[in-house]
Amino acid sequence: MGRRRQWNNGTGTLRIADASQAGASPTDSSLADASLADASLADDSLPVEIAATYGPRRRGLLGRDRIEGAILLTPCNSVHTFRMRFTIDVAYLDRELRVIDVHTMKPGRLSRPRLRARHVLEAEAGAMAGWGVRPGVQLTIAAAT
């Protein structure tokens, strides 16, 4: 078994693998969104905040009105939206940063723990569909130096 990556608090960049490599087949309604997202993200990366210790994970998106990009909570397999000001998209990721599941959560909700999830990626509602994030998609996160 290989070494596990040690995450540190800070910022980084998020890259989304080509959706054609994903094992999941998109529905007709998401096909147009996915192809648009693939075209727009071909050479782009998104800003991501990394919350790897108790304090930043606990705070998460609380007290904010919006977020540019996304926030990665690690380790994490469940989230809540109590006292949150806006609806969010939540992607549950496995050890290799492959998307297990994606949900939209309104404020005041509690998610069930996902057993295989080791990380959670949160963004504003609708952002993940626009980026092409869905189950089976591989993500890459590079910490800023």
# chains A, B, ... in the order shown; residues from 1 in each chain; ligands from 1
$ residues_around --residues "A:Val48" --least-positions-apart "6" --cutoff "10 Å" --atoms "only C-alpha atoms" --output "PyMOL selection string"
chain A and resi 10-15+67-72+121-123+141-144
$ closest_atom_pairs --of "stretch 45-97 of chain A" --to "stretch 105-112 of chain A" --cutoff "8 Å" --atoms "only C-alpha atoms" --output "tab-separated table"
residue	atom	partner	partner_atom	distance
A:Ser78	CA	A:Ser111	CA	5.7
A:Val79	CA	A:Ser111	CA	5.6
A:His80	CA	A:Leu110	CA	4.3
A:Thr81	CA	A:Pro107	CA	4.8
A:Phe82	CA	A:Gly108	CA	4.2
A:Arg83	CA	A:Gly108	CA	6.6
A:Met84	CA	A:Pro107	CA	5.3
A:Arg85	CA	A:Pro107	CA	6.6
A:Phe86	CA	A:Pro107	CA	6.3
A:Thr87	CA	A:Lys106	CA	4.5
A:Ile88	CA	A:Met105	CA	5.4
A:Asp89	CA	A:Met105	CA	6.2
A:Val90	CA	A:Met105	CA	7.2
$ closest_residue --among "A:Pro56, A:Trp131, A:Asn77, A:Asp101" --to "A:His119" --atoms "only C-alpha atoms"
A:Asn77
$ residues_around --residues "A:Gln6" --least-positions-apart "6" --cutoff "12 Å" --atoms "only C-alpha atoms" --output "PDB file with N, CA and C atoms, in the first residue's frame"
ATOM      1  N   ILE A  50      -8.130  24.637   0.784  1.00  0.00           N
ATOM      2  CA  ILE A  50      -7.940  23.329   1.403  1.00  0.00           C
ATOM      3  C   ILE A  50      -8.056  23.504   2.914  1.00  0.00           C
ATOM      4  N   ALA A  51      -9.001  22.776   3.507  1.00  0.00           N
ATOM      5  CA  ALA A  51      -9.222  22.799   4.955  1.00  0.00           C
ATOM      6  C   ALA A  51      -8.876  21.412   5.485  1.00  0.00           C
ATOM      7  N   ALA A  52      -7.685  21.291   6.096  1.00  0.00           N
ATOM      8  CA  ALA A  52      -7.183  19.982   6.493  1.00  0.00           C
ATOM      9  C   ALA A  52      -7.062  19.787   7.998  1.00  0.00           C
ATOM     10  N   THR A  53      -7.309  20.822   8.776  1.00  0.00           N
ATOM     11  CA  THR A  53      -7.256  20.681  10.232  1.00  0.00           C
ATOM     12  C   THR A  53      -8.619  21.039  10.824  1.00  0.00           C
ATOM     13  N   THR A  74     -10.815  17.855   4.196  1.00  0.00           N
ATOM     14  CA  THR A  74     -10.138  16.571   4.269  1.00  0.00           C
ATOM     15  C   THR A  74      -9.536  16.368   5.649  1.00  0.00           C
ATOM     16  N   PRO A  75      -9.644  15.236   6.277  1.00  0.00           N
ATOM     17  CA  PRO A  75     -10.519  14.137   5.924  1.00  0.00           C
ATOM     18  C   PRO A  75     -11.963  14.477   6.286  1.00  0.00           C
ATOM     19  N   ARG A  95     -10.178   8.163  -1.895  1.00  0.00           N
ATOM     20  CA  ARG A  95      -8.760   8.451  -1.605  1.00  0.00           C
ATOM     21  C   ARG A  95      -8.006   9.011  -2.806  1.00  0.00           C
ATOM     22  N   ALA A 143      -1.635  21.815  -4.503  1.00  0.00           N
ATOM     23  CA  ALA A 143      -1.515  22.852  -3.488  1.00  0.00           C
ATOM     24  C   ALA A 143      -0.630  23.978  -4.026  1.00  0.00           C
TER      25      ALA A 143
END
$ atom_distance --atom1 "atom CA of A:Ala117" --atom2 "atom CA of A:Gly136"
12.9 Å
$ atom_distance --atom1 "atom CA of A:Thr140" --atom2 "atom CA of A:Ala17"
7.6 Å
